[in-house]
Structures are given as C-alpha cells and as structure tokens.
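Just structure38.txt here, compact mmCIF, C-alpha atoms:
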# COMPACT_ATOMS: atom_id res chain seq x y z
CA MET D 18 16.07 30.33 -15.79
CA SER D 19 16.92 33.75 -14.33
CA THR D 20 18.62 34.42 -11.02
CA LEU D 21 17.50 37.32 -8.86
CA GLU D 22 20.37 39.43 -7.54
CA ARG D 23 20.11 41.14 -4.16
CA ALA D 24 22.20 43.31 -1.89
CA THR D 25 22.25 43.03 1.89
CA LEU D 26 23.47 45.35 4.62
CA LEU D 27 23.45 45.74 8.37
CA VAL D 28 22.33 48.96 10.05
CA ASP D 29 23.08 49.60 13.72
CA GLN D 30 19.78 49.91 15.62
CA ASN D 31 21.21 52.91 17.47
CA HIS D 32 20.87 54.89 14.21
CA PRO D 33 17.13 54.99 13.39
CA LYS D 34 17.56 57.88 10.92
CA VAL D 35 19.95 55.77 8.84
CA HIS D 36 17.50 52.85 8.95
CA ALA D 37 14.65 55.14 7.84
CA LEU D 38 16.78 56.50 4.98
CA TYR D 39 17.47 53.01 3.62
CA GLN D 40 13.79 52.08 3.95
CA SER D 41 12.83 55.20 1.99
CA ARG D 42 15.14 54.02 -0.81
CA GLY D 43 13.47 50.61 -1.11
CA TRP D 44 15.42 48.47 1.37
CA THR D 45 13.37 45.91 3.32
CA THR D 46 14.11 44.98 6.92
CA LEU D 47 14.48 41.20 7.28
CA GLY D 48 15.02 41.10 11.02
CA ASP D 49 17.63 41.66 13.68
CA LEU D 50 21.11 40.21 13.91
CA ARG D 51 23.73 40.28 16.63
CA PRO D 52 27.26 39.17 15.68
CA ARG D 53 28.85 36.57 17.96
CA LEU D 54 31.28 39.06 19.45
CA PRO D 55 31.43 40.35 23.01
CA ASP D 56 29.34 43.52 23.42
CA ALA D 57 28.32 43.52 19.75
CA PRO D 58 25.39 45.80 18.90
CA ILE D 59 22.14 44.54 17.40
CA PHE D 60 21.77 45.34 13.71
CA HIS D 61 18.81 45.50 11.36
CA ALA D 62 19.48 43.11 8.46
CA MET D 63 18.20 44.76 5.27
CA LEU D 64 17.69 43.53 1.70
CA LEU D 65 17.36 45.26 -1.69
CA ASP D 66 16.53 43.67 -5.04
CA LEU D 67 19.03 45.02 -7.58
CA PRO D 68 17.84 46.66 -10.79
CA LEU D 69 18.44 44.82 -14.05
CA GLU D 70 21.35 47.06 -15.14
CA ALA D 71 23.21 46.29 -11.88
CA ARG D 72 23.11 42.57 -12.61
CA GLY D 73 25.77 42.75 -15.29
CA THR D 74 23.49 41.70 -18.17
CA GLY D 75 24.26 44.76 -20.30
CA GLN D 76 20.62 44.92 -21.43
This entry written out as structure tokens:
Amino acid sequence: MSTLERATLLVDQNHPKVHALYQSRGWTTLGDLRPRLPDAPIFHAMLLDLPLEARGTGQ
C-alpha cells in the first residue's frame, strides 16, 4: 500500500500574481481560509502532489 505525499501552502489573496505563479507550477487551489485571529487576511489554501524523488524513497 503506497501513501501519497503532498505539500500545502497558504497564499494571501491580496497577492494574485503569487497565486498565479503557484498555479502555473502545478499547485491546485483547494479553497479559502481565514485564521482565527483578529483582522487576519483571507488566504488561498493550495495543494501540490510531491514527485516520487521528494518522498524519500530513493528510487
């Protein structure tokens, strides 16, 4: 049974060029997230499947 490894990140919605850059590199937008802090910005939550060599298999 293999386990799929993924990376996640948050991109501030006030930076659409950064969001577009990550999308162009294969990141997928999952949705929006706002931390439970006063005046916290809304972020795009993004996901990337990691390549096999980044999973530590050595293959």
- Query: Given the choices D:Leu67, D:Ile59, D:Leu47, D:Leu54, which gets closest to Gln30 in chain D if the distance is worked out from all atoms listed in the file?
  - Reply: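 Comparing D:Leu67, D:Ile59, D:Leu47, D:Leu54 against Gln30 in chain D, the winner is D:Ile59.
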Original post:
Quick one: distance from CA of Thr45 in chain D to CA of His32 in chain D in Å, one decimal?
Top reply: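 Computing it gives 16.0 Å between the two atoms.
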* To do: Could you tell me how far CA of Ala37 in chain D lies from CA of Pro58 in chain D, in Å and to one decimal?
  =>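 Separation of CA of Ala37 in chain D and CA of Pro58 in chain D: 18.0 Å.
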Given the point (11.5, 44.9, -2.3) in the coordinates of this file, which residues lie within 9 Å, counting all atoms listed in the file, and how would they look as a compact mmCIF listing (two decimals) with C-alpha atoms, in the coordinates of the input?
# COMPACT_ATOMS: atom_id res chain seq x y z
CA GLY D 43 13.47 50.61 -1.11
CA TRP D 44 15.42 48.47 1.37
CA THR D 45 13.37 45.91 3.32
CA LEU D 64 17.69 43.53 1.70
CA LEU D 65 17.36 45.26 -1.69
CA ASP D 66 16.53 43.67 -5.04
Leu27 in chain D proximity check over D:Ser41, D:Gly48, D:Phe60, D:Arg53, using all atoms listed in the file: winner is D:Phe60
query = Hey, which of D:Asp56, D:Met63, D:Tyr39, D:Pro68 ends up closest to Leu26 in chain D? Count only C-alpha atoms.
reply =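 Looking only at the distances to Leu26 in chain D, the closest residue turns out to be D:Met63.
Atom to atom, CA of Lys34 in chain D and CA of Ala57 in chain D stand 20.0 Å apart.
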Output file request: chain D, with C-alpha atoms, as a short mmCIF file (atom, residue, chain, number, x, y, z; two decimals), in the first residue's frame.
data_model
loop_
_atom_site.label_atom_id
_atom_site.label_comp_id
_atom_site.auth_asym_id
_atom_site.auth_seq_id
_atom_site.Cartn_x
_atom_site.Cartn_y
_atom_site.Cartn_z
CA MET D 18 0.00 0.00 0.00
CA SER D 19 1.54 3.34 -1.02
CA THR D 20 0.95 6.68 0.65
CA LEU D 21 0.64 9.82 -1.44
CA GLU D 22 2.71 12.73 -0.15
CA ARG D 23 1.52 16.31 -0.60
CA ALA D 24 2.60 19.81 0.26
CA THR D 25 0.24 22.59 1.30
CA LEU D 26 0.64 26.35 1.49
CA LEU D 27 -1.38 29.49 2.08
CA VAL D 28 -1.23 32.44 -0.31
CA ASP D 29 -2.61 35.84 0.71
CA GLN D 30 -5.48 36.76 -1.62
CA ASN D 31 -4.07 40.28 -1.86
CA HIS D 32 -1.24 38.85 -3.99
CA PRO D 33 -2.89 37.43 -7.15
CA LYS D 34 0.42 37.32 -9.06
CA VAL D 35 1.88 34.99 -6.42
CA HIS D 36 -1.24 32.81 -6.60
CA ALA D 37 -0.98 32.66 -10.40
CA LEU D 38 2.71 31.72 -10.17
CA TYR D 39 1.97 28.76 -7.89
CA GLN D 40 -0.89 27.65 -10.15
CA SER D 41 1.44 27.75 -13.16
CA ARG D 42 3.78 25.40 -11.28
CA GLY D 43 1.09 22.79 -10.66
CA TRP D 44 -0.41 23.88 -7.33
CA THR D 45 -4.19 23.43 -7.01
CA THR D 46 -6.41 25.84 -5.08
CA LEU D 47 -8.50 23.97 -2.50
CA GLY D 48 -10.45 26.93 -1.19
CA ASP D 49 -10.18 29.91 1.11
CA LEU D 50 -9.08 30.00 4.72
CA ARG D 51 -9.12 32.75 7.32
CA PRO D 52 -7.12 32.14 10.51
CA ARG D 53 -8.98 32.73 13.78
CA LEU D 54 -7.05 35.89 14.54
CA PRO D 55 -8.35 39.44 14.69
CA ASP D 56 -8.05 41.17 11.30
CA ALA D 57 -6.48 38.10 9.69
CA PRO D 58 -6.42 38.13 5.89
CA ILE D 59 -8.14 35.50 3.76
CA PHE D 60 -5.73 33.02 2.18
CA HIS D 61 -5.98 30.64 -0.74
CA ALA D 62 -5.22 27.13 0.54
CA MET D 63 -3.16 25.33 -2.12
CA LEU D 64 -2.03 21.72 -2.59
CA LEU D 65 0.74 20.04 -4.61
CA ASP D 66 1.34 16.32 -5.07
CA LEU D 67 5.05 15.70 -4.48
CA PRO D 68 7.17 13.91 -7.08
CA LEU D 69 8.42 10.43 -6.25
CA GLU D 70 12.01 11.55 -5.53
CA ALA D 71 10.75 14.04 -2.91
CA ARG D 72 9.05 11.25 -0.97
CA GLY D 73 12.29 9.87 0.41
CA THR D 74 12.07 6.51 -1.40
CA GLY D 75 15.48 6.84 -3.05
CA GLN D 76 14.11 5.24 -6.24
#
